[in-house]
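K.L.:
Sharing model.cif here; it has mmCIF, C-alpha atoms.
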```cif
data_coords
loop_
_atom_site.group_PDB
_atom_site.id
_atom_site.type_symbol
_atom_site.label_atom_id
_atom_site.label_comp_id
_atom_site.auth_asym_id
_atom_site.auth_seq_id
_atom_site.Cartn_x
_atom_site.Cartn_y
_atom_site.Cartn_z
ATOM 1 C CA MET A 699 -7.591 7.099 33.904
ATOM 2 C CA VAL A 700 -7.028 7.484 30.218
ATOM 3 C CA LYS A 701 -3.846 8.591 28.524
ATOM 4 C CA LEU A 702 -4.138 9.441 24.856
ATOM 5 C CA LEU A 703 -1.435 8.056 22.625
ATOM 6 C CA ARG A 704 -0.485 11.328 20.987
ATOM 7 C CA SER A 705 3.076 12.454 21.217
ATOM 8 C CA ARG A 706 3.044 15.494 18.956
ATOM 9 C CA ALA A 707 1.577 18.962 18.994
ATOM 10 C CA ALA A 708 -1.961 19.541 17.775
ATOM 11 C CA PRO A 709 -2.311 19.726 14.001
ATOM 12 C CA THR A 710 -2.568 22.987 12.150
ATOM 13 C CA SER A 711 -5.644 23.787 10.093
ATOM 14 C CA ASP A 712 -3.933 23.011 6.770
ATOM 15 C CA GLN A 713 -5.626 20.507 4.491
ATOM 16 C CA PRO A 714 -4.049 17.082 4.975
ATOM 17 C CA GLN A 715 -2.216 15.572 2.013
ATOM 18 C CA VAL A 716 -4.342 12.458 1.914
ATOM 19 C CA ARG A 717 -3.355 9.970 -0.739
ATOM 20 C CA PHE A 718 -5.200 6.849 -1.588
ATOM 21 C CA ARG A 719 -2.888 4.094 -2.761
ATOM 22 C CA MET A 720 -3.533 0.620 -3.939
ATOM 23 C CA ARG A 721 -1.069 -2.244 -3.997
ATOM 24 C CA ILE A 722 -1.438 -5.742 -5.303
ATOM 25 C CA THR A 723 0.931 -8.174 -3.666
ATOM 26 C CA VAL A 724 1.940 -11.650 -4.742
ATOM 27 C CA ALA A 725 3.487 -13.680 -1.938
ATOM 28 C CA ASP A 726 4.234 -10.441 -0.038
ATOM 29 C CA VAL A 727 6.121 -8.784 -2.903
ATOM 30 C CA ILE A 728 4.393 -5.706 -4.315
ATOM 31 C CA ALA A 729 3.583 -6.786 -7.868
ATOM 32 C CA ILE A 730 1.678 -3.679 -8.813
ATOM 33 C CA GLY A 731 1.600 -0.465 -6.803
ATOM 34 C CA PRO A 732 1.696 3.286 -7.357
ATOM 35 C CA GLY A 733 5.499 3.517 -7.648
ATOM 36 C CA LYS A 734 5.761 0.627 -10.075
ATOM 37 C CA VAL A 735 2.933 1.884 -12.277
ATOM 38 C CA ALA A 736 4.505 5.371 -12.396
ATOM 39 C CA LEU A 737 7.790 3.723 -13.425
ATOM 40 C CA LEU A 738 6.105 1.691 -16.195
ATOM 41 C CA GLU A 739 4.531 4.928 -17.472
ATOM 42 C CA ALA A 740 7.938 6.634 -17.429
ATOM 43 C CA VAL A 741 9.523 3.746 -19.381
ATOM 44 C CA ARG A 742 6.695 4.028 -21.925
ATOM 45 C CA ASP A 743 7.218 7.808 -22.203
ATOM 46 C CA HIS A 744 11.040 7.846 -22.201
ATOM 47 C CA GLY A 745 11.908 4.602 -24.005
ATOM 48 C CA SER A 746 14.631 3.534 -21.579
ATOM 49 C CA ILE A 747 14.996 2.556 -17.942
ATOM 50 C CA SER A 748 17.800 5.075 -17.375
ATOM 51 C CA SER A 749 15.740 8.012 -18.714
ATOM 52 C CA ALA A 750 12.693 6.827 -16.797
ATOM 53 C CA ALA A 751 14.772 6.654 -13.602
ATOM 54 C CA ARG A 752 16.187 10.155 -14.177
ATOM 55 C CA GLY A 753 12.663 11.495 -14.776
ATOM 56 C CA LEU A 754 11.535 10.054 -11.437
ATOM 57 C CA ASP A 755 14.711 11.113 -9.599
ATOM 58 C CA MET A 756 15.556 7.484 -8.891
ATOM 59 C CA SER A 757 18.792 5.547 -9.364
ATOM 60 C CA TYR A 758 19.110 3.304 -12.405
ATOM 61 C CA ARG A 759 19.754 0.364 -10.076
ATOM 62 C CA ARG A 760 16.559 1.050 -8.075
ATOM 63 C CA ALA A 761 14.460 1.376 -11.249
ATOM 64 C CA TRP A 762 15.936 -1.875 -12.604
ATOM 65 C CA VAL A 763 15.134 -3.754 -9.385
ATOM 66 C CA LEU A 764 11.530 -2.474 -9.338
ATOM 67 C CA ILE A 765 10.977 -3.440 -12.978
ATOM 68 C CA ASP A 766 12.573 -6.827 -12.389
ATOM 69 C CA GLU A 767 10.200 -7.415 -9.440
ATOM 70 C CA THR A 768 7.211 -6.461 -11.583
ATOM 71 C CA ASN A 769 8.351 -8.642 -14.490
ATOM 72 C CA ARG A 770 8.910 -11.630 -12.219
ATOM 73 C CA SER A 771 5.471 -11.240 -10.649
ATOM 74 C CA LEU A 772 3.792 -11.426 -14.068
ATOM 75 C CA LYS A 773 3.297 -14.433 -16.335
ATOM 76 C CA SER A 774 4.947 -12.445 -19.108
ATOM 77 C CA PRO A 775 7.057 -9.286 -18.630
ATOM 78 C CA ALA A 776 5.818 -5.687 -18.615
ATOM 79 C CA VAL A 777 9.134 -4.284 -19.878
ATOM 80 C CA ALA A 778 11.481 -5.706 -22.509
ATOM 81 C CA SER A 779 15.018 -4.328 -22.737
ATOM 82 C CA GLY A 780 17.360 -4.259 -25.714
ATOM 83 C CA HIS A 781 21.061 -5.072 -25.568
ATOM 84 C CA GLY A 782 23.928 -2.643 -26.175
ATOM 85 C CA GLY A 783 25.310 0.419 -24.436
ATOM 86 C CA GLN A 784 26.306 0.784 -20.799
ATOM 87 C CA ASN A 785 22.706 0.756 -19.611
ATOM 88 C CA GLY A 786 21.610 -2.133 -21.803
ATOM 89 C CA GLY A 787 20.062 -0.081 -24.617
ATOM 90 C CA GLY A 788 16.478 1.073 -24.836
ATOM 91 C CA SER A 789 13.492 -0.534 -23.154
ATOM 92 C CA VAL A 790 9.945 -0.885 -24.344
ATOM 93 C CA LEU A 791 6.685 -1.519 -22.610
ATOM 94 C CA THR A 792 5.111 -4.785 -23.734
ATOM 95 C CA PRO A 793 1.355 -5.103 -24.387
ATOM 96 C CA VAL A 794 1.162 -6.666 -20.898
ATOM 97 C CA GLY A 795 2.805 -3.546 -19.455
ATOM 98 C CA GLU A 796 0.244 -1.348 -21.236
ATOM 99 C CA GLN A 797 -2.546 -3.534 -19.860
ATOM 100 C CA VAL A 798 -1.210 -3.312 -16.289
ATOM 101 C CA ILE A 799 -1.130 0.508 -16.475
ATOM 102 C CA ALA A 800 -4.622 0.722 -17.976
ATOM 103 C CA LEU A 801 -6.141 -1.671 -15.408
ATOM 104 C CA TYR A 802 -4.454 0.082 -12.480
ATOM 105 C CA ARG A 803 -5.586 3.555 -13.566
ATOM 106 C CA THR A 804 -9.126 2.299 -14.224
ATOM 107 C CA ILE A 805 -9.279 0.739 -10.749
ATOM 108 C CA GLU A 806 -8.078 4.032 -9.216
ATOM 109 C CA GLU A 807 -10.811 5.983 -11.015
ATOM 110 C CA LYS A 808 -13.515 3.490 -10.069
ATOM 111 C CA VAL A 809 -12.426 3.466 -6.429
ATOM 112 C CA ALA A 810 -12.478 7.265 -6.276
ATOM 113 C CA LYS A 811 -16.001 7.231 -7.662
ATOM 114 C CA ALA A 812 -17.463 4.237 -5.778
ATOM 115 C CA CYS A 813 -15.941 5.218 -2.418
ATOM 116 C CA ALA A 814 -16.138 9.018 -2.617
ATOM 117 C CA GLY A 815 -18.317 9.256 0.507
ATOM 118 C CA GLU A 816 -16.171 6.933 2.632
ATOM 119 C CA LEU A 817 -12.937 8.605 1.489
ATOM 120 C CA ARG A 818 -14.410 12.012 2.373
ATOM 121 C CA SER A 819 -15.376 10.722 5.830
ATOM 122 C CA LEU A 820 -11.887 9.314 6.402
ATOM 123 C CA ARG A 821 -10.328 12.573 5.241
ATOM 124 C CA ARG A 822 -12.424 14.455 7.801
ATOM 125 C CA LEU A 823 -11.033 12.254 10.579
ATOM 126 C CA LEU A 824 -7.445 12.909 9.531
ATOM 127 C CA ALA A 825 -5.301 15.621 11.045
ATOM 128 C CA ALA A 826 -3.449 18.026 8.804
ATOM 129 C CA PRO A 827 0.254 17.230 8.476
ATOM 130 C CA ARG A 828 2.426 19.197 10.860
ATOM 131 C CA ASP A 829 5.177 21.420 9.544
ATOM 132 C CA SER A 830 7.712 18.856 10.696
ATOM 133 C CA ASP A 831 6.124 16.279 8.401
ATOM 134 C CA ILE A 832 6.449 18.342 5.249
ATOM 135 C CA MET B 1377 17.499 -7.826 -29.717
ATOM 136 C CA VAL B 1378 15.297 -8.107 -26.738
ATOM 137 C CA LYS B 1379 16.271 -9.452 -23.359
ATOM 138 C CA LEU B 1380 13.429 -10.095 -20.977
ATOM 139 C CA LEU B 1381 13.934 -8.856 -17.460
ATOM 140 C CA ARG B 1382 13.119 -12.115 -15.720
ATOM 141 C CA SER B 1383 15.685 -13.587 -13.412
ATOM 142 C CA ARG B 1384 13.775 -16.499 -11.933
ATOM 143 C CA ALA B 1385 12.431 -19.827 -13.082
ATOM 144 C CA ALA B 1386 9.014 -20.013 -14.711
ATOM 145 C CA PRO B 1387 6.090 -20.001 -12.296
ATOM 146 C CA THR B 1388 4.276 -23.139 -11.267
ATOM 147 C CA SER B 1389 0.597 -23.570 -11.999
ATOM 148 C CA ASP B 1390 -0.453 -22.760 -8.403
ATOM 149 C CA GLN B 1391 -2.974 -19.990 -7.876
ATOM 150 C CA PRO B 1392 -1.101 -16.754 -7.024
ATOM 151 C CA GLN B 1393 -1.695 -15.279 -3.578
ATOM 152 C CA VAL B 1394 -2.940 -11.987 -4.907
ATOM 153 C CA ARG B 1395 -3.863 -9.510 -2.229
ATOM 154 C CA PHE B 1396 -5.458 -6.186 -2.803
ATOM 155 C CA ARG B 1397 -4.353 -3.624 -0.231
ATOM 156 C CA MET B 1398 -5.292 -0.048 0.285
ATOM 157 C CA ARG B 1399 -3.296 2.539 2.164
ATOM 158 C CA ILE B 1400 -4.154 6.109 2.990
ATOM 159 C CA THR B 1401 -1.090 8.228 3.581
ATOM 160 C CA VAL B 1402 -0.790 11.626 5.212
ATOM 161 C CA ALA B 1403 2.468 13.372 4.377
ATOM 162 C CA ASP B 1404 3.980 9.995 3.397
ATOM 163 C CA VAL B 1405 3.175 8.263 6.691
ATOM 164 C CA ILE B 1406 0.658 5.441 6.364
ATOM 165 C CA ALA B 1407 -2.286 6.737 8.387
ATOM 166 C CA ILE B 1408 -4.614 3.883 7.577
ATOM 167 C CA GLY B 1409 -3.570 0.636 5.966
ATOM 168 C CA PRO B 1410 -4.264 -3.080 6.249
ATOM 169 C CA GLY B 1411 -1.799 -3.686 9.103
ATOM 170 C CA LYS B 1412 -3.024 -0.764 11.160
ATOM 171 C CA VAL B 1413 -6.695 -1.640 10.686
ATOM 172 C CA ALA B 1414 -6.014 -5.270 11.718
ATOM 173 C CA LEU B 1415 -4.243 -3.919 14.824
ATOM 174 C CA LEU B 1416 -7.177 -1.624 15.707
ATOM 175 C CA GLU B 1417 -9.501 -4.621 15.383
ATOM 176 C CA ALA B 1418 -7.229 -6.671 17.646
ATOM 177 C CA VAL B 1419 -7.181 -3.889 20.284
ATOM 178 C CA ARG B 1420 -10.987 -3.782 20.107
ATOM 179 C CA ASP B 1421 -11.197 -7.577 20.494
ATOM 180 C CA HIS B 1422 -8.494 -8.021 23.178
ATOM 181 C CA GLY B 1423 -8.808 -4.822 25.210
ATOM 182 C CA SER B 1424 -5.086 -4.129 25.420
ATOM 183 C CA ILE B 1425 -2.192 -3.330 23.123
ATOM 184 C CA SER B 1426 -0.056 -6.146 24.568
ATOM 185 C CA SER B 1427 -2.748 -8.806 23.961
ATOM 186 C CA ALA B 1428 -3.446 -7.372 20.502
ATOM 187 C CA ALA B 1429 0.278 -7.544 19.686
ATOM 188 C CA ARG B 1430 0.517 -11.149 20.930
ATOM 189 C CA GLY B 1431 -2.532 -12.089 18.843
ATOM 190 C CA LEU B 1432 -0.841 -10.669 15.735
ATOM 191 C CA ASP B 1433 2.581 -12.130 16.604
ATOM 192 C CA MET B 1434 4.036 -8.637 16.844
ATOM 193 C CA SER B 1435 6.190 -7.025 19.534
ATOM 194 C CA TYR B 1436 4.509 -4.693 22.030
ATOM 195 C CA ARG B 1437 6.889 -1.934 20.944
ATOM 196 C CA ARG B 1438 5.976 -2.367 17.258
ATOM 197 C CA ALA B 1439 2.233 -2.350 18.032
ATOM 198 C CA TRP B 1440 2.642 0.767 20.180
ATOM 199 C CA VAL B 1441 4.531 2.599 17.399
ATOM 200 C CA LEU B 1442 1.884 1.698 14.785
ATOM 201 C CA ILE B 1443 -0.959 2.856 17.059
ATOM 202 C CA ASP B 1444 0.930 6.037 17.901
ATOM 203 C CA GLU B 1445 1.360 6.765 14.159
ATOM 204 C CA THR B 1446 -2.339 6.199 13.559
ATOM 205 C CA ASN B 1447 -3.356 8.355 16.531
ATOM 206 C CA ARG B 1448 -1.078 11.189 15.444
ATOM 207 C CA SER B 1449 -2.452 11.100 11.903
ATOM 208 C CA LEU B 1450 -6.018 11.582 13.183
ATOM 209 C CA LYS B 1451 -7.657 14.691 14.606
ATOM 210 C CA SER B 1452 -8.628 12.656 17.642
ATOM 211 C CA PRO B 1453 -7.088 9.287 18.614
ATOM 212 C CA ALA B 1454 -8.322 5.840 17.570
ATOM 213 C CA VAL B 1455 -6.998 4.147 20.735
ATOM 214 C CA ALA B 1456 -7.014 5.406 24.321
ATOM 215 C CA SER B 1457 -4.817 3.664 26.889
ATOM 216 C CA GLY B 1458 -5.211 3.436 30.661
ATOM 217 C CA HIS B 1459 -2.387 3.881 33.186
ATOM 218 C CA GLY B 1460 -1.045 1.181 35.509
ATOM 219 C CA GLY B 1461 0.744 -2.131 35.101
ATOM 220 C CA GLN B 1462 3.917 -2.873 33.201
ATOM 221 C CA ASN B 1463 2.216 -2.470 29.837
ATOM 222 C CA GLY B 1464 0.286 0.665 30.758
ATOM 223 C CA GLY B 1465 -3.031 -1.029 31.605
ATOM 224 C CA GLY B 1466 -5.819 -1.755 29.170
ATOM 225 C CA SER B 1467 -6.581 0.099 25.947
ATOM 226 C CA VAL B 1468 -9.890 0.854 24.336
ATOM 227 C CA LEU B 1469 -10.916 1.752 20.848
ATOM 228 C CA THR B 1470 -12.493 5.202 20.710
ATOM 229 C CA PRO B 1471 -15.573 5.939 18.551
ATOM 230 C CA VAL B 1472 -13.116 7.382 15.996
ATOM 231 C CA GLY B 1473 -11.268 4.054 15.988
ATOM 232 C CA GLU B 1474 -14.536 2.202 15.375
ATOM 233 C CA GLN B 1475 -15.334 4.602 12.526
ATOM 234 C CA VAL B 1476 -11.922 4.111 10.899
ATOM 235 C CA ILE B 1477 -12.360 0.317 10.920
ATOM 236 C CA ALA B 1478 -15.911 0.519 9.536
ATOM 237 C CA LEU B 1479 -14.948 2.957 6.744
ATOM 238 C CA TYR B 1480 -11.886 0.927 5.754
ATOM 239 C CA ARG B 1481 -13.800 -2.367 5.602
ATOM 240 C CA THR B 1482 -16.631 -0.718 3.644
ATOM 241 C CA ILE B 1483 -14.156 0.697 1.123
ATOM 242 C CA GLU B 1484 -12.558 -2.750 0.732
ATOM 243 C CA GLU B 1485 -15.953 -4.339 0.026
ATOM 244 C CA LYS B 1486 -16.948 -1.617 -2.451
ATOM 245 C CA VAL B 1487 -13.625 -1.854 -4.284
ATOM 246 C CA ALA B 1488 -13.937 -5.635 -4.580
ATOM 247 C CA LYS B 1489 -17.413 -5.187 -6.053
ATOM 248 C CA ALA B 1490 -16.805 -2.131 -8.299
ATOM 249 C CA CYS B 1491 -13.484 -3.412 -9.666
ATOM 250 C CA ALA B 1492 -14.161 -7.166 -9.801
ATOM 251 C CA GLY B 1493 -13.531 -7.307 -13.561
ATOM 252 C CA GLU B 1494 -10.281 -5.323 -13.479
ATOM 253 C CA LEU B 1495 -8.962 -7.253 -10.468
ATOM 254 C CA ARG B 1496 -9.747 -10.531 -12.262
ATOM 255 C CA SER B 1497 -7.873 -9.308 -15.348
ATOM 256 C CA LEU B 1498 -4.865 -8.271 -13.256
ATOM 257 C CA ARG B 1499 -4.909 -11.623 -11.469
ATOM 258 C CA ARG B 1500 -4.800 -13.409 -14.821
ATOM 259 C CA LEU B 1501 -1.644 -11.479 -15.746
ATOM 260 C CA LEU B 1502 0.098 -12.442 -12.526
ATOM 261 C CA ALA B 1503 2.388 -15.420 -12.182
ATOM 262 C CA ALA B 1504 1.896 -17.914 -9.376
ATOM 263 C CA PRO B 1505 4.366 -17.486 -6.533
ATOM 264 C CA ARG B 1506 7.363 -19.772 -6.780
ATOM 265 C CA ASP B 1507 8.146 -22.213 -3.964
ATOM 266 C CA SER B 1508 11.025 -19.960 -2.924
ATOM 267 C CA ASP B 1509 8.541 -17.142 -2.298
ATOM 268 C CA ILE B 1510 6.322 -19.073 0.106
#
```
Output the file's structure as structure tokens, nothing else.
P.N.:
Amino acid sequence: MVKLLRSRAAPTSDQPQVRFRMRITVADVIAIGPGKVALLEAVRDHGSISSAARGLDMSYRRAWVLIDETNRSLKSPAVASGHGGQNGGGSVLTPVGEQVIALYRTIEEKVAKACAGELRSLRRLLAAPRDSDI
Amino acid sequence: MVKLLRSRAAPTSDQPQVRFRMRITVADVIAIGPGKVALLEAVRDHGSISSAARGLDMSYRRAWVLIDETNRSLKSPAVASGHGGQNGGGSVLTPVGEQVIALYRTIEEKVAKACAGELRSLRRLLAAPRDSDI
């Protein structure tokens, strides 16, 4: 006799919020992933870690830790921070940071294109999120 | 003045353990990711969740939760479990489960091929893991 491992109600017919995400890990730490790339882009756009964190609705401490993890996983840092002020002054993206963003976004585009059929097939297998998930 | 956000010693010359990982999320729950696909493969190979969990050095409870999450994120389950015995009898991969594994592994291969240049460039930017990371 077969019992199906499903503990929730059947899905509604809404379109599932399927997101494809890529992470690159170094020794089990996420070096480059969607959250870190979005944060690098926010630092580039806002010119400081504190403004970038505010823009992403994230604490300054959390943003600092994520950037520190990214910097430590790279041979040379993605973000350089100036001294001065309570939050350590402004921060700039280094050329390495720009390169990381560009490579990550290019990979995302290529994956979407090269794997369009497989991603569509996976999406068809996925249930729509239930109201309780949203 | 610029302070670099690097709090650890310089990397050694070892090759970094760079791993490319893809996750597909539905309403922020990982529906399909590297851990879940490895678990589906182990269920297929071992014929039960408890043996699959042992093979992956994971608790039965943890394996059950991961499979339950995957099943609930799909329109129809990837794993079907039989009744009987302390661990609920054997489990089999459904045709949907087989499809999920095949699609995921195909996407991985296509990404590696389509993005070989970008992944190589990212790898060159990454520091080797320090001894303390291993």
K.L.:
My list of candidates is A:Gly745, A:Gly753, A:Gly731, A:Gly815. Which is closest to Ala778 (chain A) when distances are computed with only C-alpha atoms?
P.N.:
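Between A:Gly745, A:Gly753, A:Gly731, A:Gly815, the residue approaching Ala778 (chain A) most closely is A:Gly745.
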K.L.:
Between A:Trp762, A:Lys773, A:Arg742, A:Ile747, single out the one closest to Thr792 (chain A), counting all atoms listed in the file.
P.N.:
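That would be A:Arg742, the residue with the smallest distance to Thr792 (chain A).
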K.L.:
Take CA of Val1419 (chain B) and CA of Thr1401 (chain B) and report the distance between them in Å, one decimal.
P.N.:
21.5 Å
K.L.:
Hey, what comes out of the PyMOL selection byres ((chain A and resi 806-809) around 12) on this file? Could you write it as JSON, numbers by chain?
P.N.:
{"A": [717, 718, 719, 720, 721, 731, 732, 735, 799, 800, 801, 802, 803, 804, 805, 810, 811, 812, 813, 814, 815, 816, 817], "B": [1398, 1482, 1483, 1484, 1485, 1486, 1487, 1488, 1489, 1490, 1491, 1492, 1493, 1494, 1495]}
K.L.:
One decimal, Å: what's the distance from CA of Gln797 (chain A) over to CA of Arg1500 (chain B), could you say?
P.N.:
11.3 Å
K.L.:
Which one is closest to chain B: A:Glu739, A:Glu767, A:Asp755, A:Glu796? Count only C-alpha atoms.
P.N.:
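Checking each of A:Glu739, A:Glu767, A:Asp755, A:Glu796 against chain B, counting only C-alpha atoms, the winner is A:Glu767.
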K.L.:
Using all atoms listed in the file, which protein or nucleic acid residues come within 10 Å of Ser749 (chain A)? Drop anything in the same chain fewer than 6 positions from it, and give the result as a list in words.
P.N.:
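Neighbouring residues, sequence-local ones excluded: Ala740, Val741, Asp743, Asp755, Met756, Tyr758, Gly788 and Ser789 of chain A.
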K.L.:
I'd like the interatomic distance between CA of Thr768 (chain A) and CA of Ala729 (chain A), to a tenth of an Å.
P.N.:
5.2 Å
K.L.:
Apply the PyMOL selection byres ((chain A and resi 763) around 12) to the displayed file and report the matching residues as a list in words.
P.N.:
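When the PyMOL selection byres ((chain A and resi 763) around 12) is applied, the selected residues are Lys734, Leu737, Ile747, Ala751, Met756, Ser757, Tyr758, Arg759, Arg760, Ala761, Trp762, Leu764, Ile765, Asp766, Glu767, Thr768, Asn769 and Arg770 of chain A; Leu1381, Arg1382 and Ser1383 of chain B.
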K.L.:
Build an axis-aligned box that encloses every atom of region 802-820 of chain A listed in the file, pad it by 5 Å on each side, and report its centre and edge lengths in Å to one decimal, as AutoDock Vina command-line options.
P.N.:
```
--center_x -11.4 --center_y 6.0 --center_z -3.9 --size_x 23.9 --size_y 21.9 --size_z 30.6
```
K.L.:
Return the single residue from A:Ser748, A:Ser771, A:Val777, A:Leu738 that is closest to Val724 (chain A), with distances computed using only C-alpha atoms.
P.N.:
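Of A:Ser748, A:Ser771, A:Val777, A:Leu738, the one nearest Val724 (chain A) is A:Ser771, counting only C-alpha atoms.
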